[in-house]
$ cat structure-v6.csv   # CSV, C-alpha atoms
chain,number,residue,atom,x,y,z
A,1069,MET,CA,32.4,13.8,-43.2
A,1070,ARG,CA,31.4,15.6,-40.0
A,1071,GLY,CA,28.1,13.8,-39.9
A,1072,THR,CA,29.7,10.4,-40.2
A,1073,PHE,CA,32.3,11.3,-37.5
A,1074,GLY,CA,29.6,12.5,-35.2
A,1075,LYS,CA,27.6,9.3,-35.6
A,1076,PHE,CA,30.8,7.3,-35.0
A,1077,VAL,CA,31.4,9.2,-31.7
A,1078,ILE,CA,27.9,8.7,-30.5
A,1079,GLY,CA,28.0,5.0,-31.4
A,1080,ALA,CA,31.3,4.6,-29.7
A,1081,ALA,CA,30.0,6.4,-26.6
A,1082,ALA,CA,27.0,4.1,-26.5
A,1083,ALA,CA,29.1,1.0,-26.9
A,1084,PHE,CA,31.4,2.1,-24.1
A,1085,GLY,CA,28.4,2.9,-21.9
A,1086,LEU,CA,26.8,-0.5,-22.5
A,1087,ALA,CA,30.2,-2.2,-21.9
A,1088,ALA,CA,30.5,-0.4,-18.6
A,1089,CYS,CA,27.3,-2.0,-17.4
A,1090,SER,CA,28.4,-5.5,-18.0
A,1091,GLY,CA,30.3,-7.7,-15.5
A,1092,ASP,CA,29.6,-9.1,-12.0
A,1093,GLY,CA,29.9,-5.9,-10.1
A,1094,ALA,CA,27.6,-3.9,-12.3
A,1095,PRO,CA,24.3,-2.5,-10.9
A,1096,LYS,CA,21.3,-4.2,-12.4
A,1097,LEU,CA,18.5,-2.0,-13.7
A,1098,LEU,CA,15.4,-1.9,-11.5
A,1099,ASN,CA,17.0,-4.4,-9.0
A,1100,LEU,CA,14.5,-4.2,-6.2
A,1101,SER,CA,15.2,-7.7,-4.7
A,1102,SER,CA,16.8,-8.1,-1.4
A,1103,SER,CA,19.0,-11.0,-2.4
A,1104,THR,CA,22.3,-9.2,-2.2
A,1105,ASN,CA,25.6,-10.7,-1.1
A,1106,GLY,CA,26.4,-7.8,1.2
A,1107,PRO,CA,26.9,-8.0,4.9
A,1108,ASP,CA,24.0,-8.7,7.2
A,1109,GLU,CA,23.8,-5.5,9.4
A,1110,PHE,CA,21.8,-7.3,12.0
A,1111,ALA,CA,24.5,-10.0,12.5
A,1112,ILE,CA,27.2,-7.4,13.4
A,1113,VAL,CA,27.4,-7.3,17.2
A,1114,PRO,CA,30.1,-5.2,18.9
A,1115,ASN,CA,32.5,-6.9,21.1
A,1116,LYS,CA,32.5,-6.3,24.9
A,1117,PRO,CA,35.5,-4.3,26.2
A,1118,LEU,CA,38.4,-6.3,27.6
A,1119,GLU,CA,38.7,-6.1,31.3
A,1120,ALA,CA,41.7,-7.0,33.5
A,1121,PRO,CA,40.6,-9.0,36.6
A,1122,GLU,CA,41.6,-7.9,40.0
A,1123,SER,CA,43.8,-11.0,40.5
A,1124,PHE,CA,45.0,-13.2,37.7
A,1125,ASN,CA,45.5,-16.0,40.2
A,1126,ALA,CA,41.8,-16.0,41.1
A,1127,LEU,CA,40.6,-16.8,37.6
A,1128,PRO,CA,38.9,-20.1,37.1
A,1129,PRO,CA,40.6,-22.7,34.9
A,1130,PRO,CA,39.8,-22.4,31.2
A,1131,THR,CA,37.0,-24.6,29.8
A,1132,PRO,CA,37.4,-25.5,26.2
A,1133,GLY,CA,34.2,-24.7,24.3
A,1134,GLY,CA,32.8,-22.9,27.4
A,1135,ALA,CA,31.7,-19.3,27.8
A,1136,ASN,CA,34.2,-16.5,28.0
A,1137,ARG,CA,33.6,-13.3,30.0
A,1138,THR,CA,34.1,-11.2,26.8
A,1139,ASP,CA,31.7,-13.3,24.7
A,1140,VAL,CA,28.9,-11.3,23.2
A,1141,THR,CA,25.5,-12.1,24.7
A,1142,PRO,CA,23.1,-9.8,22.9
A,1143,GLN,CA,19.9,-11.4,24.4
A,1144,ALA,CA,21.2,-11.2,28.0
A,1145,ASP,CA,22.4,-7.7,27.4
A,1146,ALA,CA,19.0,-6.7,26.1
A,1147,ILE,CA,17.3,-8.3,29.1
A,1148,ALA,CA,19.6,-6.4,31.4
A,1149,ALA,CA,19.1,-3.1,29.6
A,1150,LEU,CA,15.4,-3.5,30.0
A,1151,GLY,CA,15.7,-4.0,33.7
A,1152,GLY,CA,15.4,-7.8,33.8
A,1153,ARG,CA,17.7,-10.5,35.2
A,1154,PRO,CA,19.7,-12.2,32.4
A,1155,GLY,CA,20.4,-15.3,34.4
A,1156,ALA,CA,16.8,-15.9,35.4
A,1157,ALA,CA,14.9,-18.7,33.8
A,1158,VAL,CA,12.4,-17.5,31.3
A,1159,ALA,CA,9.0,-18.8,32.2
A,1160,ILE,CA,5.6,-18.3,30.6
A,1161,PRO,CA,3.5,-16.1,32.8
A,1162,GLY,CA,0.3,-17.7,34.2
A,1163,SER,CA,-1.8,-15.3,32.3
A,1164,ASP,CA,-0.4,-16.5,29.0
A,1165,ALA,CA,-0.5,-20.2,29.7
A,1166,GLY,CA,-3.9,-20.7,28.1
A,1167,ILE,CA,-2.9,-19.2,24.8
A,1168,VAL,CA,0.4,-21.1,24.7
A,1169,ASN,CA,-1.4,-24.4,25.5
A,1170,ALA,CA,-3.9,-23.7,22.7
A,1171,ALA,CA,-1.2,-22.8,20.2
A,1172,THR,CA,0.8,-26.0,21.0
A,1173,ARG,CA,-2.0,-28.5,21.4
A,1174,TYR,CA,-1.1,-30.3,18.2
A,1175,GLY,CA,2.7,-30.2,19.0
A,1176,VAL,CA,5.5,-28.0,17.9
A,1177,ASP,CA,7.3,-28.5,14.6
A,1178,LYS,CA,11.0,-27.7,15.2
A,1179,SER,CA,11.6,-27.2,11.4
A,1180,ILE,CA,8.6,-24.9,10.8
A,1181,ARG,CA,10.8,-22.0,9.6
A,1182,ALA,CA,12.6,-24.1,7.1
A,1183,THR,CA,9.3,-25.6,5.9
A,1184,LEU,CA,7.7,-22.2,5.5
A,1185,ALA,CA,10.8,-20.8,3.7
A,1186,LYS,CA,10.7,-23.7,1.2
A,1187,GLU,CA,7.0,-23.4,0.6
A,1188,ASP,CA,7.3,-19.6,0.1
A,1189,LEU,CA,10.2,-20.0,-2.3
A,1190,GLU,CA,8.1,-22.5,-4.4
A,1191,PHE,CA,5.1,-20.2,-4.4
A,1192,ARG,CA,7.2,-17.2,-5.5
A,1193,ARG,CA,8.8,-19.4,-8.3
A,1194,ARG,CA,5.3,-20.2,-9.6
A,1195,ASN,CA,4.5,-16.5,-9.4
A,1196,ASP,CA,7.8,-15.0,-10.5
A,1197,GLY,CA,6.5,-12.4,-12.9
A,1198,ARG,CA,6.6,-11.7,-16.6
A,1199,LEU,CA,9.6,-12.0,-18.9
A,1200,LEU,CA,10.9,-8.4,-18.5
A,1201,GLU,CA,10.4,-8.5,-14.7
A,1202,ARG,CA,12.6,-11.6,-14.5
A,1203,LEU,CA,15.1,-10.2,-17.0
A,1204,PHE,CA,15.6,-7.0,-15.0
A,1205,SER,CA,15.3,-8.8,-11.6
A,1206,VAL,CA,12.2,-6.8,-10.5
A,1207,ASN,CA,10.8,-7.9,-7.2
A,1208,VAL,CA,7.3,-9.2,-7.7
A,1209,TYR,CA,6.8,-10.3,-4.1
A,1210,PHE,CA,3.9,-8.0,-3.2
A,1211,ARG,CA,2.1,-8.7,-6.5
A,1212,ALA,CA,2.5,-12.4,-6.0
A,1213,TYR,CA,0.9,-12.2,-2.6
A,1214,SER,CA,-1.7,-9.6,-3.5
A,1215,ARG,CA,-4.6,-12.2,-3.5
A,1216,MET,CA,-3.7,-13.0,0.1
A,1217,ALA,CA,-3.5,-9.3,1.3
A,1218,LEU,CA,-6.0,-8.1,3.8
A,1219,ASP,CA,-8.1,-5.0,3.0
A,1220,LYS,CA,-7.8,-3.1,6.2
A,1221,TYR,CA,-10.7,-0.8,5.4
A,1222,ALA,CA,-13.1,-3.7,4.5
A,1223,GLU,CA,-12.1,-5.5,7.7
A,1224,LEU,CA,-12.6,-2.4,9.8
A,1225,GLU,CA,-16.1,-2.0,8.3
A,1226,ARG,CA,-16.8,-5.7,9.0
A,1227,PHE,CA,-15.8,-5.3,12.6
A,1228,ARG,CA,-17.9,-2.2,13.0
A,1229,ARG,CA,-21.0,-4.0,11.5
A,1230,LEU,CA,-20.4,-6.8,14.1
A,1231,GLY,CA,-20.3,-4.3,16.9
A,1232,VAL,CA,-16.7,-4.7,17.8
A,1233,ARG,CA,-15.2,-1.6,19.4
A,1234,THR,CA,-12.3,-0.2,17.3
A,1235,PRO,CA,-10.9,2.7,19.5
A,1236,ALA,CA,-7.6,2.9,17.6
A,1237,ALA,CA,-9.2,3.2,14.2
A,1238,PRO,CA,-10.0,6.5,12.7
A,1239,PRO,CA,-13.6,7.6,13.1
A,1240,LYS,CA,-16.2,6.7,10.5
A,1241,GLN,CA,-16.4,9.3,7.7
A,1242,ARG,CA,-19.8,10.9,7.4

$ encode --input "structure-v6.csv" --output "structure tokens"
Amino acid sequence: MRGTFGKFVIGAAAAFGLAACSGDGAPKLLNLSSSTNGPDEFAIVPNKPLEAPESFNALPPPTPGGANRTDVTPQADAIAALGGRPGAAVAIPGSDAGIVNAATRYGVDKSIRATLAKEDLEFRRRNDGRLLERLFSVNVYFRAYSRMALDKYAELERFRRLGVRTPAAPPKQR
């Protein structure tokens, strides 16, 4: 009798344990993917503090859809924090004009990010892993791109054979 009761208790505990793992909010085993529905921590920008003007009569008339003094401007704030002038026009320095001209000689595709994201998604779907990896949502990103990975040590040796100086690389082992 006791053996049967013990098996029943163990079976019930296992059933409750498995039932607790079901549902939408349950953690997935080995979930290494970054496709969560949580907040984007880089999109959270703190608001500027409210300020009272010296004279409410001297304020300009409101412009619907225009900028507000308390609107967040992270790019301008970063430029100011680094000692730059946020209102100044951003121009390409003369020393960089040659590389910019070479990079844009065939034109600039405005939708390049969307095109690359679509192509990357298609590539990863073709290389989405084995059955158990898909079943447990294991991220196979690095394995899918392993054929395209650069072997840093082989490249370092190739550069050294060509006579390229590599001062930041570790010295050659003897």

$ closest_residue --input "structure-v6.csv" --among "A:Val1140, A:Asp1219, A:Ile1167, A:Pro1130" --to "A:Pro1114" --atoms "only C-alpha atoms"
A:Val1140

$ atom_distance --input "structure-v6.csv" --atom1 "atom CA of A:Asn1207" --atom2 "atom CA of A:Arg1192"
10.1 Å

$ atom_distance --input "structure-v6.csv" --atom1 "atom CA of A:Ser1179" --atom2 "atom CA of A:Arg1211"
27.4 Å

$ closest_atom_pairs --input "structure-v6.csv" --of "stretch 1108-1189 of chain A" --to "stretch 1194-1205 of chain A" --cutoff "12 Å" --atoms "all atoms listed in the file" --output "JSON lines"
{"residue": "A:Glu1187", "atom": "CA", "partner": "A:Arg1194", "partner_atom": "CA", "distance": 10.8}
{"residue": "A:Asp1188", "atom": "CA", "partner": "A:Arg1194", "partner_atom": "CA", "distance": 9.9}
{"residue": "A:Leu1189", "atom": "CA", "partner": "A:Arg1194", "partner_atom": "CA", "distance": 8.8}

$ axis_aligned_box --input "structure-v6.csv" --around "stretch 1180-1190 of chain A" --padding-each-side "5 Å" --output "lines of an AutoDock Vina configuration file"
center_x = 9.8
center_y = -22.6
center_z = 3.2
size_x = 15.6
size_y = 16.0
size_z = 25.2

$ atom_distance --input "structure-v6.csv" --atom1 "atom CA of A:Ile1112" --atom2 "atom CA of A:Pro1142"
10.6 Å

$ decode --input "structure-v6.csv" --residues "stretch 1205-1216 of chain A" --atoms "all heavy atoms" --output "short mmCIF file (atom, residue, chain, number, x, y, z; two decimals), in the first residue's frame"
data_model
loop_
_atom_site.label_atom_id
_atom_site.label_comp_id
_atom_site.auth_asym_id
_atom_site.auth_seq_id
_atom_site.Cartn_x
_atom_site.Cartn_y
_atom_site.Cartn_z
N SER A 1205 13.71 26.35 -28.63
CA SER A 1205 14.04 27.74 -28.98
C SER A 1205 15.49 28.07 -28.68
O SER A 1205 15.80 29.10 -28.09
CB SER A 1205 13.13 28.72 -28.23
OG SER A 1205 11.80 28.51 -28.61
N VAL A 1206 16.41 27.20 -29.05
CA VAL A 1206 17.83 27.44 -28.85
C VAL A 1206 18.31 28.35 -29.97
O VAL A 1206 18.00 28.14 -31.14
CB VAL A 1206 18.62 26.11 -28.85
CG1 VAL A 1206 20.11 26.36 -28.78
CG2 VAL A 1206 18.18 25.26 -27.68
N ASN A 1207 19.07 29.35 -29.62
CA ASN A 1207 19.59 30.29 -30.60
C ASN A 1207 20.74 29.64 -31.37
O ASN A 1207 21.74 29.24 -30.77
CB ASN A 1207 20.08 31.56 -29.88
CG ASN A 1207 20.43 32.65 -30.84
OD1 ASN A 1207 20.64 32.43 -32.02
ND2 ASN A 1207 20.49 33.86 -30.32
N VAL A 1208 20.59 29.53 -32.67
CA VAL A 1208 21.63 28.92 -33.50
C VAL A 1208 22.31 29.97 -34.38
O VAL A 1208 22.89 29.65 -35.40
CB VAL A 1208 21.05 27.78 -34.37
CG1 VAL A 1208 20.56 26.65 -33.51
CG2 VAL A 1208 19.95 28.29 -35.27
N TYR A 1209 22.22 31.23 -33.97
CA TYR A 1209 22.75 32.34 -34.76
C TYR A 1209 24.23 32.15 -35.07
O TYR A 1209 24.65 32.24 -36.21
CB TYR A 1209 22.51 33.64 -34.01
CG TYR A 1209 22.96 34.87 -34.75
CD1 TYR A 1209 22.11 35.49 -35.66
CD2 TYR A 1209 24.21 35.42 -34.56
CE1 TYR A 1209 22.50 36.61 -36.35
CE2 TYR A 1209 24.61 36.54 -35.25
CZ TYR A 1209 23.75 37.13 -36.14
OH TYR A 1209 24.15 38.24 -36.82
N PHE A 1210 25.04 31.91 -34.04
CA PHE A 1210 26.48 31.83 -34.24
C PHE A 1210 26.87 30.61 -35.06
O PHE A 1210 27.78 30.65 -35.86
CB PHE A 1210 27.21 31.84 -32.90
CG PHE A 1210 27.08 33.15 -32.19
CD1 PHE A 1210 26.29 33.26 -31.06
CD2 PHE A 1210 27.70 34.28 -32.67
CE1 PHE A 1210 26.15 34.47 -30.42
CE2 PHE A 1210 27.57 35.49 -32.04
CZ PHE A 1210 26.79 35.58 -30.90
N ARG A 1211 26.14 29.50 -34.88
CA ARG A 1211 26.44 28.31 -35.67
C ARG A 1211 26.04 28.53 -37.13
O ARG A 1211 26.71 28.08 -38.05
CB ARG A 1211 25.74 27.09 -35.10
CG ARG A 1211 26.26 25.80 -35.71
CD ARG A 1211 25.89 24.58 -34.93
NE ARG A 1211 24.54 24.57 -34.44
CZ ARG A 1211 23.51 24.04 -35.11
NH1 ARG A 1211 23.70 23.48 -36.26
NH2 ARG A 1211 22.31 24.07 -34.59
N ALA A 1212 24.94 29.26 -37.36
CA ALA A 1212 24.50 29.52 -38.73
C ALA A 1212 25.52 30.36 -39.48
O ALA A 1212 25.75 30.17 -40.68
CB ALA A 1212 23.14 30.22 -38.72
N TYR A 1213 26.17 31.29 -38.78
CA TYR A 1213 27.14 32.17 -39.43
C TYR A 1213 28.57 31.71 -39.25
O TYR A 1213 29.50 32.44 -39.60
CB TYR A 1213 26.98 33.60 -38.89
CG TYR A 1213 25.79 34.31 -39.45
CD1 TYR A 1213 24.62 34.45 -38.73
CD2 TYR A 1213 25.84 34.85 -40.73
CE1 TYR A 1213 23.53 35.10 -39.26
CE2 TYR A 1213 24.76 35.50 -41.27
CZ TYR A 1213 23.61 35.63 -40.52
OH TYR A 1213 22.53 36.28 -41.05
N SER A 1214 28.80 30.52 -38.73
CA SER A 1214 30.17 30.08 -38.45
C SER A 1214 31.02 29.99 -39.72
O SER A 1214 32.23 30.22 -39.67
CB SER A 1214 30.16 28.74 -37.71
OG SER A 1214 29.61 27.73 -38.55
N ARG A 1215 30.41 29.66 -40.86
CA ARG A 1215 31.19 29.58 -42.11
C ARG A 1215 31.69 30.95 -42.54
O ARG A 1215 32.65 31.06 -43.28
CB ARG A 1215 30.32 28.99 -43.22
CG ARG A 1215 29.96 27.55 -43.03
CD ARG A 1215 29.25 26.98 -44.23
NE ARG A 1215 28.14 27.82 -44.69
CZ ARG A 1215 26.87 27.65 -44.33
NH1 ARG A 1215 26.54 26.67 -43.52
NH2 ARG A 1215 25.94 28.44 -44.79
N MET A 1216 31.03 32.01 -42.09
CA MET A 1216 31.41 33.36 -42.48
C MET A 1216 32.31 34.03 -41.44
O MET A 1216 32.72 35.17 -41.64
CB MET A 1216 30.15 34.20 -42.68
CG MET A 1216 29.26 33.70 -43.75
SD MET A 1216 27.80 34.73 -43.80
CE MET A 1216 26.73 33.70 -44.76
#
